[in-house]
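Below is coords.cif, holding mmCIF, C-alpha atoms.
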data_target
#
loop_
_atom_site.label_atom_id
_atom_site.label_comp_id
_atom_site.auth_asym_id
_atom_site.auth_seq_id
_atom_site.Cartn_x
_atom_site.Cartn_y
_atom_site.Cartn_z
CA MET A 1 0.00 0.00 0.00
CA ARG A 2 2.90 2.37 0.69
CA ARG A 3 3.90 2.08 -2.97
CA LYS A 4 0.51 3.27 -4.23
CA TRP A 5 0.32 7.04 -4.37
CA GLN A 6 -3.47 6.89 -4.82
CA ILE A 7 -3.87 5.05 -1.53
CA ILE A 8 -1.53 7.35 0.37
CA ILE A 9 -3.15 10.55 -0.90
CA GLY A 10 -6.63 9.11 -0.43
CA ILE A 11 -5.98 8.13 3.18
CA MET A 12 -4.44 11.52 3.92
CA LEU A 13 -7.43 13.40 2.49
CA ILE A 14 -9.94 11.17 4.30
CA ALA A 15 -8.06 11.53 7.59
CA PHE A 16 -7.93 15.30 7.09
CA PHE A 17 -11.70 15.65 6.64
CA ILE A 18 -12.49 13.21 9.46
CA LEU A 19 -10.24 15.27 11.74
CA ILE A 20 -12.05 18.44 10.67
CA ALA A 21 -15.43 16.84 11.32
CA VAL A 22 -14.42 15.67 14.80
CA ALA A 23 -12.62 18.86 15.82
CA ALA A 24 -15.00 21.35 14.17
CA PRO A 25 -16.17 22.89 17.49
CA MET A 26 -12.56 23.57 18.44
CA LEU A 27 -11.42 24.74 15.00
CA ALA A 28 -14.37 26.94 14.08
CA PRO A 29 -13.61 30.61 14.87
CA ASN A 30 -17.31 31.51 15.19
CA ASP A 31 -20.76 30.03 15.63
CA PRO A 32 -21.70 28.67 12.17
CA ASN A 33 -25.37 29.59 12.63
CA ALA A 34 -24.91 33.05 14.17
CA THR A 35 -26.21 35.70 11.76
CA ASN A 36 -25.03 39.30 11.59
CA LEU A 37 -26.59 41.23 8.72
CA ALA A 38 -24.13 44.05 9.31
CA MET A 39 -21.40 41.63 8.06
CA LYS A 40 -23.34 40.49 4.99
CA ASN A 41 -20.91 39.33 2.26
CA ALA A 42 -18.04 40.71 4.32
CA GLU A 43 -14.49 40.33 3.01
CA PRO A 44 -12.00 37.99 4.75
CA SER A 45 -10.61 39.35 7.99
CA ALA A 46 -8.91 38.16 11.18
CA GLU A 47 -12.30 37.43 12.77
CA TYR A 48 -13.75 35.88 9.61
CA PRO A 49 -10.83 34.23 7.71
CA LEU A 50 -12.95 33.37 4.65
CA GLY A 51 -15.42 36.20 4.97
CA CYS A 52 -19.18 35.97 5.60
CA ASP A 53 -22.11 34.70 3.55
CA GLN A 54 -25.29 36.47 2.52
CA MET A 55 -26.63 36.21 6.08
CA GLY A 56 -23.47 37.43 7.79
CA ARG A 57 -22.46 33.96 8.97
CA CYS A 58 -18.82 32.89 9.20
CA GLU A 59 -18.00 30.99 6.01
CA LEU A 60 -15.05 29.07 7.47
CA SER A 61 -17.05 27.87 10.47
CA ARG A 62 -19.85 26.65 8.21
CA LEU A 63 -17.40 24.79 6.00
CA LEU A 64 -15.85 23.05 9.00
CA TYR A 65 -19.23 22.00 10.36
CA GLY A 66 -20.29 20.93 6.87
CA ALA A 67 -17.86 18.01 7.06
CA ARG A 68 -19.86 16.71 10.02
CA TYR A 69 -23.03 16.38 7.96
CA SER A 70 -21.40 14.91 4.86
CA LEU A 71 -19.24 12.35 6.68
CA GLY A 72 -21.50 11.90 9.70
CA LEU A 73 -24.46 10.88 7.58
CA SER A 74 -22.62 8.79 4.99
CA ILE A 75 -19.94 6.74 6.76
CA PRO A 76 -21.92 5.34 9.76
CA VAL A 77 -24.98 4.54 7.65
CA LEU A 78 -22.93 2.84 4.94
CA ILE A 79 -20.96 0.78 7.46
CA VAL A 80 -24.18 -0.66 8.88
CA LEU A 81 -25.59 -1.29 5.40
CA ALA A 82 -22.32 -2.87 4.26
CA VAL A 83 -22.29 -5.35 7.15
CA ILE A 84 -25.92 -6.31 6.50
CA ALA A 85 -25.38 -6.66 2.75
CA LEU A 86 -22.14 -8.62 3.21
CA PHE A 87 -23.73 -11.28 5.41
CA THR A 88 -27.09 -11.38 3.62
CA GLY A 89 -25.63 -11.47 0.12
CA SER A 90 -22.99 -14.09 0.92
CA PHE A 91 -25.43 -16.35 2.77
CA SER A 92 -28.19 -16.15 0.15
CA CYS A 93 -25.72 -16.84 -2.66
CA TYR A 94 -24.25 -19.84 -0.85
CA ILE A 95 -27.64 -21.34 0.06
CA GLY A 96 -29.01 -20.65 -3.42
CA GLY A 97 -32.46 -21.77 -4.50
CA MET A 98 -35.50 -19.71 -3.57
CA ILE A 99 -33.62 -17.58 -1.01
CA ASP A 100 -31.10 -16.39 -3.58
CA GLU A 101 -33.85 -15.78 -6.14
CA ILE A 102 -35.79 -13.63 -3.68
CA ALA A 103 -32.66 -11.61 -2.94
CA ARG A 104 -32.08 -11.10 -6.66
CA VAL A 105 -35.64 -9.97 -7.32
CA VAL A 106 -35.60 -7.56 -4.37
CA CYS A 107 -32.35 -6.05 -5.64
CA ASP A 108 -33.75 -5.62 -9.16
CA ILE A 109 -36.89 -3.92 -7.84
CA LEU A 110 -35.04 -1.49 -5.56
CA MET A 111 -32.41 -0.69 -8.19
CA ALA A 112 -35.14 0.24 -10.66
CA PHE A 113 -35.90 3.37 -8.61
CA PRO A 114 -33.29 6.17 -8.64
CA LEU A 115 -32.18 7.49 -5.27
CA LEU A 116 -33.75 10.90 -5.94
CA VAL A 117 -37.14 9.33 -6.71
CA ILE A 118 -37.04 7.34 -3.46
CA ALA A 119 -36.12 10.45 -1.48
CA MET A 120 -38.93 12.48 -3.07
CA ALA A 121 -41.43 9.73 -2.27
CA LEU A 122 -40.35 9.70 1.39
CA VAL A 123 -40.29 13.47 1.95
CA THR A 124 -43.81 13.59 3.40
CA SER A 125 -43.45 10.32 5.31
CA PHE A 126 -41.08 11.54 8.04
CA GLU A 127 -41.24 14.58 10.27
CA ASN A 128 -37.46 14.69 10.54
CA PRO A 129 -36.04 15.44 7.06
CA THR A 130 -32.69 13.89 7.95
CA VAL A 131 -34.40 10.54 8.53
CA CYS A 132 -35.75 10.82 4.99
CA ILE A 133 -32.23 10.96 3.59
CA ILE A 134 -31.03 8.06 5.74
CA VAL A 135 -33.96 5.83 4.73
CA ALA A 136 -33.59 6.70 1.04
CA ILE A 137 -29.86 5.97 1.11
CA SER A 138 -30.47 2.73 3.02
CA ILE A 139 -33.00 1.48 0.46
CA SER A 140 -30.90 2.38 -2.56
CA MET A 141 -27.41 1.46 -1.35
CA THR A 142 -28.48 -1.81 0.28
CA ALA A 143 -29.70 -3.02 -3.11
CA TRP A 144 -26.43 -2.05 -4.80
CA PHE A 145 -24.31 -3.56 -2.04
CA LEU A 146 -26.34 -6.77 -2.00
CA ARG A 147 -26.11 -7.09 -5.78
CA MET A 148 -22.36 -6.57 -5.71
CA VAL A 149 -21.81 -9.06 -2.86
CA ARG A 150 -23.88 -11.68 -4.67
CA SER A 151 -21.80 -11.31 -7.82
CA TYR A 152 -18.54 -11.72 -5.90
CA ALA A 153 -19.89 -14.55 -3.74
CA LYS A 154 -21.17 -16.46 -6.76
CA THR A 155 -17.67 -16.51 -8.19
CA GLU A 156 -16.16 -17.65 -4.88
CA CYS A 157 -18.79 -20.37 -4.35
CA GLY A 158 -17.51 -22.19 -7.41
CA LYS A 159 -13.95 -22.44 -6.12
CA GLU A 160 -12.38 -25.54 -4.63
CA TYR A 161 -11.84 -24.22 -1.10
CA VAL A 162 -15.62 -23.88 -0.59
CA GLU A 163 -16.20 -27.44 -1.74
CA ALA A 164 -13.34 -28.66 0.47
CA ALA A 165 -14.87 -26.93 3.49
CA ARG A 166 -18.24 -28.48 2.73
CA ILE A 167 -16.74 -31.98 2.38
CA SER A 168 -14.87 -31.54 5.66
CA GLY A 169 -18.21 -31.17 7.44
CA ALA A 170 -18.20 -27.44 8.14
CA SER A 171 -21.63 -25.91 8.74
CA ASN A 172 -23.15 -23.41 6.33
CA ILE A 173 -22.66 -20.55 8.79
CA ARG A 174 -19.00 -21.44 9.28
CA ILE A 175 -18.36 -21.69 5.54
CA VAL A 176 -19.98 -18.30 4.91
CA VAL A 177 -18.36 -16.48 7.84
CA MET A 178 -14.91 -18.12 7.92
CA HIS A 179 -14.31 -18.81 4.23
CA LEU A 180 -16.67 -16.98 1.87
CA ILE A 181 -16.87 -13.50 3.44
CA PRO A 182 -13.06 -13.11 3.96
CA ASN A 183 -12.55 -13.75 0.24
CA VAL A 184 -15.39 -11.43 -0.82
CA LEU A 185 -14.36 -8.64 1.56
CA PRO A 186 -11.31 -7.23 -0.34
CA GLN A 187 -13.30 -6.53 -3.52
CA PHE A 188 -16.24 -5.27 -1.51
CA ILE A 189 -14.08 -2.75 0.37
CA VAL A 190 -13.14 -1.19 -2.97
CA TYR A 191 -16.79 -0.76 -3.88
CA PHE A 192 -17.57 0.51 -0.39
CA THR A 193 -14.99 3.31 -0.48
CA THR A 194 -16.21 4.62 -3.82
CA GLY A 195 -19.79 4.26 -2.57
CA ILE A 196 -19.07 6.71 0.26
CA ALA A 197 -18.11 9.36 -2.29
CA SER A 198 -21.36 8.73 -4.18
CA VAL A 199 -23.42 9.09 -1.01
CA ILE A 200 -21.65 12.33 -0.03
CA ILE A 201 -22.52 13.77 -3.44
CA SER A 202 -26.11 12.49 -3.10
CA ILE A 203 -26.53 14.11 0.33
CA SER A 204 -25.18 17.40 -0.99
CA GLY A 205 -27.41 17.07 -4.04
CA PHE A 206 -30.48 16.62 -1.84
CA ALA A 207 -29.48 19.62 0.25
CA PHE A 208 -28.92 21.66 -2.92
CA LEU A 209 -32.48 20.82 -3.98
CA GLY A 210 -33.83 21.62 -0.52
CA ILE A 211 -34.58 17.98 0.37
CA GLY A 212 -33.66 16.26 3.60
CA LEU A 213 -32.01 19.02 5.60
CA VAL A 214 -33.46 21.96 7.47
CA LYS A 215 -33.02 25.28 5.68
CA GLY A 216 -29.90 27.08 6.86
CA THR A 217 -28.02 23.90 7.77
CA SER A 218 -24.25 24.29 7.47
CA GLU A 219 -23.84 21.50 4.90
CA TRP A 220 -21.84 21.91 1.71
CA GLY A 221 -24.72 21.23 -0.68
CA ALA A 222 -27.06 23.48 1.29
CA MET A 223 -24.40 26.21 1.23
CA LEU A 224 -24.22 25.92 -2.55
CA ASN A 225 -28.00 26.26 -2.75
CA GLU A 226 -28.04 29.37 -0.59
CA ALA A 227 -25.15 30.94 -2.52
CA ARG A 228 -26.80 30.72 -5.94
CA ASN A 229 -28.12 34.27 -5.68
CA SER A 230 -24.64 35.50 -4.82
CA LEU A 231 -22.97 33.96 -7.86
CA TYR A 232 -21.88 37.30 -9.31
CA SER A 233 -21.67 39.43 -6.19
CA ASN A 234 -19.71 36.93 -4.06
CA PRO A 235 -18.66 33.83 -6.09
CA ASN A 236 -16.41 32.59 -3.26
CA LEU A 237 -19.53 31.34 -1.47
CA ILE A 238 -19.91 28.77 -4.24
CA VAL A 239 -16.23 28.04 -4.74
CA TYR A 240 -15.44 27.11 -1.13
CA PRO A 241 -18.08 24.38 -0.56
CA GLY A 242 -17.54 23.13 -4.11
CA ILE A 243 -13.84 22.61 -3.41
CA CYS A 244 -14.64 20.81 -0.16
CA LEU A 245 -16.96 18.41 -1.97
CA LEU A 246 -14.45 17.85 -4.77
CA VAL A 247 -11.46 17.14 -2.52
CA CYS A 248 -13.40 15.01 -0.01
CA CYS A 249 -14.93 12.77 -2.70
CA ALA A 250 -11.57 12.62 -4.50
CA GLY A 251 -10.01 11.17 -1.35
CA PHE A 252 -12.44 8.23 -1.24
CA ASN A 253 -12.20 7.67 -5.00
CA LEU A 254 -8.39 7.68 -4.92
CA LEU A 255 -8.41 5.17 -2.07
CA GLY A 256 -10.86 2.94 -3.92
CA GLU A 257 -8.88 3.08 -7.18
CA GLY A 258 -5.63 2.37 -5.39
CA LEU A 259 -7.13 -0.63 -3.59
CA ARG A 260 -8.65 -1.90 -6.84
CA ASN A 261 -5.28 -1.78 -8.59
CA SER A 262 -3.55 -3.46 -5.64
CA ILE A 263 -6.11 -6.26 -5.43
CA GLY A 264 -5.95 -6.77 -9.19
CA LYS A 265 -2.15 -7.14 -9.16
CA GLU A 266 -2.31 -9.45 -6.17
CA ASP A 267 -4.79 -11.68 -8.00
CA ASP A 268 -2.50 -11.74 -11.05
CA ILE A 269 0.49 -12.78 -8.91
CA SER A 270 -1.47 -15.46 -7.08
CA GLY A 271 -2.82 -16.74 -10.39
CA THR A 272 0.62 -17.11 -11.91
#
Mind turning this structure into structure tokens?
Amino acid sequence: MRRKWQIIIGIMLIAFFILIAVAAPMLAPNDPNATNLAMKNAEPSAEYPLGCDQMGRCELSRLLYGARYSLGLSIPVLIVLAVIALFTGSFSCYIGGMIDEIARVVCDILMAFPLLVIAMALVTSFENPTVCIIVAISISMTAWFLRMVRSYAKTECGKEYVEAARISGASNIRIVVMHLIPNVLPQFIVYFTTGIASVIISISGFAFLGIGLVKGTSEWGAMLNEARNSLYSNPNLIVYPGICLLVCCAGFNLLGEGLRNSIGKEDDISGT
């Protein structure tokens, strides 16, 4: 991994944004939600290092707290969904028959609906708009994760080590947990890391459209939405959150690409 520049840069960027998200209350110079119309579109200063937005709020403080929403909503939710999909997909593929067919049909049905359509359908179903985003992401990403795990597990189920474990008398649970999942996990981690970037963009896209987050929330997509009217008068309000989104998602994509290349070379070496 140390020889892969994509992995090194990706890990550094991810660690940087996670550190910002955790330490935002200590790093933020001002309250991100405190408004001061007298400082509307103020230029950068010692008190406001990146200036103020159209409501007189500290731009730097809002950017720092924005990492909390993007990473805080995406990473924990996807970790839970990944664990569920990893066990469910591997077990259903190994058992086969009706169970695997049901899993396949459910995946096809859920994948037929775009994430935005699911979110729009759930907007009026929950009082808390953040729950709407979490449920929509859970429905959509679980289907994609489950489909991906099934495809990897189906390949592994045809290999000799699975048959050897079955002949040796190992139970189905032991074969899935001790043999199948460890061999599916490396490829799944690659898909998982790139999936985090997709979810971060989706969350910001929802916020940009005014879906899922309370108006005025210090989230990068919501900041882009609020700054549209200031495109010509104060374009920095669009540039700053856009750069944060770009660099944060690039970190996860670089890590995923680096892991994909490493796993691919390892498979080539083991095959030869």
Do you know which residues the PyMOL selection byres ((chain A and resi 22-33) around 12) returns on this file, as a JSON list (two decimals) with C-alpha atoms, keeping the file's coordinate frame?
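Output file expr.json follows:
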[["chain", "number", "residue", "atom", "x", "y", "z"],
["A", 15, "ALA", "CA", -8.06, 11.53, 7.59],
["A", 16, "PHE", "CA", -7.93, 15.30, 7.09],
["A", 17, "PHE", "CA", -11.70, 15.65, 6.64],
["A", 18, "ILE", "CA", -12.49, 13.21, 9.46],
["A", 19, "LEU", "CA", -10.24, 15.27, 11.74],
["A", 20, "ILE", "CA", -12.05, 18.44, 10.67],
["A", 21, "ALA", "CA", -15.43, 16.84, 11.32],
["A", 34, "ALA", "CA", -24.91, 33.05, 14.17],
["A", 35, "THR", "CA", -26.21, 35.70, 11.76],
["A", 36, "ASN", "CA", -25.03, 39.30, 11.59],
["A", 45, "SER", "CA", -10.61, 39.35, 7.99],
["A", 46, "ALA", "CA", -8.91, 38.16, 11.18],
["A", 47, "GLU", "CA", -12.30, 37.43, 12.77],
["A", 48, "TYR", "CA", -13.75, 35.88, 9.61],
["A", 49, "PRO", "CA", -10.83, 34.23, 7.71],
["A", 50, "LEU", "CA", -12.95, 33.37, 4.65],
["A", 51, "GLY", "CA", -15.42, 36.20, 4.97],
["A", 52, "CYS", "CA", -19.18, 35.97, 5.60],
["A", 53, "ASP", "CA", -22.11, 34.70, 3.55],
["A", 55, "MET", "CA", -26.63, 36.21, 6.08],
["A", 56, "GLY", "CA", -23.47, 37.43, 7.79],
["A", 57, "ARG", "CA", -22.46, 33.96, 8.97],
["A", 58, "CYS", "CA", -18.82, 32.89, 9.20],
["A", 59, "GLU", "CA", -18.00, 30.99, 6.01],
["A", 60, "LEU", "CA", -15.05, 29.07, 7.47],
["A", 61, "SER", "CA", -17.05, 27.87, 10.47],
["A", 62, "ARG", "CA", -19.85, 26.65, 8.21],
["A", 63, "LEU", "CA", -17.40, 24.79, 6.00],
["A", 64, "LEU", "CA", -15.85, 23.05, 9.00],
["A", 65, "TYR", "CA", -19.23, 22.00, 10.36],
["A", 66, "GLY", "CA", -20.29, 20.93, 6.87],
["A", 67, "ALA", "CA", -17.86, 18.01, 7.06],
["A", 68, "ARG", "CA", -19.86, 16.71, 10.02],
["A", 69, "TYR", "CA", -23.03, 16.38, 7.96],
["A", 71, "LEU", "CA", -19.24, 12.35, 6.68],
["A", 72, "GLY", "CA", -21.50, 11.90, 9.70],
["A", 215, "LYS", "CA", -33.02, 25.28, 5.68],
["A", 216, "GLY", "CA", -29.90, 27.08, 6.86],
["A", 217, "THR", "CA", -28.02, 23.90, 7.77],
["A", 218, "SER", "CA", -24.25, 24.29, 7.47],
["A", 219, "GLU", "CA", -23.84, 21.50, 4.90],
["A", 223, "MET", "CA", -24.40, 26.21, 1.23]]
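Among A:Phe126, A:Tyr240, A:Trp144, A:Phe87, the residue with the shortest atom-to-atom distance to A:Arg104, counting only C-alpha atoms, is A:Trp144.
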Nearest candidate to A:Arg147 (options A:Ile8, A:Ala103, A:Gly205, A:Leu245; using all atoms listed in the file): A:Ala103
Could you give me, as a list in words, the residues within 10 Å of A:Val239, counting only C-alpha atoms and dropping anything in the same chain fewer than 5 positions from it? Leu224, Ala227, Leu231, Asn234 and Cys244 of chain A
Would you export the selected residues with C-alpha atoms as a PDB file, keeping the file's coordinate frame, please?
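Contents of the output file out_28.pdb:
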ATOM      1  CA  LEU A 224     -24.220  25.920  -2.550  1.00  0.00           C
ATOM      2  CA  ALA A 227     -25.150  30.940  -2.520  1.00  0.00           C
ATOM      3  CA  LEU A 231     -22.970  33.960  -7.860  1.00  0.00           C
ATOM      4  CA  ASN A 234     -19.710  36.930  -4.060  1.00  0.00           C
ATOM      5  CA  CYS A 244     -14.640  20.810  -0.160  1.00  0.00           C
TER       6      CYS A 244
END
Point out the residue among A:Leu81, A:Cys132, A:Arg150, A:Ile196 with the least atom-to-atom distance to A:Glu101, counting all atoms listed in the file. A:Arg150
Which neighbours of A:Leu115 fall inside 9 Å, counting all atoms listed in the file, when residues of the same chain fewer than 5 positions from it are skipped, and could you give them as number ranges by chain? A: 120, 136-137, 139-141, 202
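Comparing the minimum interatomic distances between A:Leu78 and each of A:Tyr191, A:Tyr94, A:Tyr152, A:Phe208, counting only C-alpha atoms, we find that A:Tyr191 sits nearest.
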Please work out which residues fall within 7 Å of (-24.9, -18.6, 3.2), coordinates as given in the file, with all atoms listed in the file counting, and return them as a ChimeraX atom specification. /A:90-95,172-173,176
Once you have the residues from the selection above, write them out as a PDB file, in the frame of the given file, restricted to C-alpha atoms.
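Ended up saving to result_7.pdb:
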ATOM      1  CA  SER A  90     -22.990 -14.090   0.920  1.00  0.00           C
ATOM      2  CA  PHE A  91     -25.430 -16.350   2.770  1.00  0.00           C
ATOM      3  CA  SER A  92     -28.190 -16.150   0.150  1.00  0.00           C
ATOM      4  CA  CYS A  93     -25.720 -16.840  -2.660  1.00  0.00           C
ATOM      5  CA  TYR A  94     -24.250 -19.840  -0.850  1.00  0.00           C
ATOM      6  CA  ILE A  95     -27.640 -21.340   0.060  1.00  0.00           C
ATOM      7  CA  ASN A 172     -23.150 -23.410   6.330  1.00  0.00           C
ATOM      8  CA  ILE A 173     -22.660 -20.550   8.790  1.00  0.00           C
ATOM      9  CA  VAL A 176     -19.980 -18.300   4.910  1.00  0.00           C
TER      10      VAL A 176
END
Please evaluate the PyMOL selection byres ((chain A and resi 107) around 9) against the displayed coordinates and give the resulting residues as an MDAnalysis selection string. chainID A and resid 102:106 108:112 142:144 146:147
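With distances taken over only C-alpha atoms, A:Ile9 is the one residue among A:Ile118, A:Ala153, A:Ile9, A:Leu37 lying closest to A:Gly251.
Comparing A:Val131, A:Ala164, A:Ile263, A:Ala82 by their smallest distance to A:Gln187, the closest is A:Ile263 (using all atoms listed in the file).
Interatomic distance, atom CA of A:Val123 against atom CA of A:Ile211: 7.4 Å.
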Contacts of A:Leu246 at 12 Å or less, counting all atoms listed in the file, minus same-chain residues fewer than 2 places along, as a JSON list (two decimals) with C-alpha atoms, in the coordinates of the input?
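Result written to out15.json:
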[["chain", "number", "residue", "atom", "x", "y", "z"],
["A", 13, "LEU", "CA", -7.43, 13.40, 2.49],
["A", 17, "PHE", "CA", -11.70, 15.65, 6.64],
["A", 197, "ALA", "CA", -18.11, 9.36, -2.29],
["A", 198, "SER", "CA", -21.36, 8.73, -4.18],
["A", 200, "ILE", "CA", -21.65, 12.33, -0.03],
["A", 201, "ILE", "CA", -22.52, 13.77, -3.44],
["A", 204, "SER", "CA", -25.18, 17.40, -0.99],
["A", 220, "TRP", "CA", -21.84, 21.91, 1.71],
["A", 221, "GLY", "CA", -24.72, 21.23, -0.68],
["A", 239, "VAL", "CA", -16.23, 28.04, -4.74],
["A", 240, "TYR", "CA", -15.44, 27.11, -1.13],
["A", 241, "PRO", "CA", -18.08, 24.38, -0.56],
["A", 242, "GLY", "CA", -17.54, 23.13, -4.11],
["A", 243, "ILE", "CA", -13.84, 22.61, -3.41],
["A", 244, "CYS", "CA", -14.64, 20.81, -0.16],
["A", 248, "CYS", "CA", -13.40, 15.01, -0.01],
["A", 249, "CYS", "CA", -14.93, 12.77, -2.70],
["A", 250, "ALA", "CA", -11.57, 12.62, -4.50],
["A", 251, "GLY", "CA", -10.01, 11.17, -1.35],
["A", 252, "PHE", "CA", -12.44, 8.23, -1.24],
["A", 253, "ASN", "CA", -12.20, 7.67, -5.00],
["A", 254, "LEU", "CA", -8.39, 7.68, -4.92]]
Pull out every residue that the PyMOL selection byres ((chain A and resi 184) around 10) matches in the shown coordinates and put them as a ChimeraX atom specification. /A:86,90,148-156,179-183,185-189
What is the distance between atom CA of A:Glu226 and atom CA of A:Ile238, in Å to one decimal? 8.9 Å
Report the distance between atom CA of A:Val135 and atom CA of A:Val247 in Å, rounded to one decimal place. 26.2 Å
Limit the output to C-alpha atoms and give stretch 170-225 of chain A as a CSV table (one decimal), in the first residue's frame.
chain,number,residue,atom,x,y,z
A,170,ALA,CA,-18.2,-27.4,8.1
A,171,SER,CA,-21.6,-25.9,8.7
A,172,ASN,CA,-23.2,-23.4,6.3
A,173,ILE,CA,-22.7,-20.6,8.8
A,174,ARG,CA,-19.0,-21.4,9.3
A,175,ILE,CA,-18.4,-21.7,5.5
A,176,VAL,CA,-20.0,-18.3,4.9
A,177,VAL,CA,-18.4,-16.5,7.8
A,178,MET,CA,-14.9,-18.1,7.9
A,179,HIS,CA,-14.3,-18.8,4.2
A,180,LEU,CA,-16.7,-17.0,1.9
A,181,ILE,CA,-16.9,-13.5,3.4
A,182,PRO,CA,-13.1,-13.1,4.0
A,183,ASN,CA,-12.5,-13.7,0.2
A,184,VAL,CA,-15.4,-11.4,-0.8
A,185,LEU,CA,-14.4,-8.6,1.6
A,186,PRO,CA,-11.3,-7.2,-0.3
A,187,GLN,CA,-13.3,-6.5,-3.5
A,188,PHE,CA,-16.2,-5.3,-1.5
A,189,ILE,CA,-14.1,-2.7,0.4
A,190,VAL,CA,-13.1,-1.2,-3.0
A,191,TYR,CA,-16.8,-0.8,-3.9
A,192,PHE,CA,-17.6,0.5,-0.4
A,193,THR,CA,-15.0,3.3,-0.5
A,194,THR,CA,-16.2,4.6,-3.8
A,195,GLY,CA,-19.8,4.3,-2.6
A,196,ILE,CA,-19.1,6.7,0.3
A,197,ALA,CA,-18.1,9.4,-2.3
A,198,SER,CA,-21.4,8.7,-4.2
A,199,VAL,CA,-23.4,9.1,-1.0
A,200,ILE,CA,-21.7,12.3,0.0
A,201,ILE,CA,-22.5,13.8,-3.4
A,202,SER,CA,-26.1,12.5,-3.1
A,203,ILE,CA,-26.5,14.1,0.3
A,204,SER,CA,-25.2,17.4,-1.0
A,205,GLY,CA,-27.4,17.1,-4.0
A,206,PHE,CA,-30.5,16.6,-1.8
A,207,ALA,CA,-29.5,19.6,0.2
A,208,PHE,CA,-28.9,21.7,-2.9
A,209,LEU,CA,-32.5,20.8,-4.0
A,210,GLY,CA,-33.8,21.6,-0.5
A,211,ILE,CA,-34.6,18.0,0.4
A,212,GLY,CA,-33.7,16.3,3.6
A,213,LEU,CA,-32.0,19.0,5.6
A,214,VAL,CA,-33.5,22.0,7.5
A,215,LYS,CA,-33.0,25.3,5.7
A,216,GLY,CA,-29.9,27.1,6.9
A,217,THR,CA,-28.0,23.9,7.8
A,218,SER,CA,-24.3,24.3,7.5
A,219,GLU,CA,-23.8,21.5,4.9
A,220,TRP,CA,-21.8,21.9,1.7
A,221,GLY,CA,-24.7,21.2,-0.7
A,222,ALA,CA,-27.1,23.5,1.3
A,223,MET,CA,-24.4,26.2,1.2
A,224,LEU,CA,-24.2,25.9,-2.6
A,225,ASN,CA,-28.0,26.3,-2.8
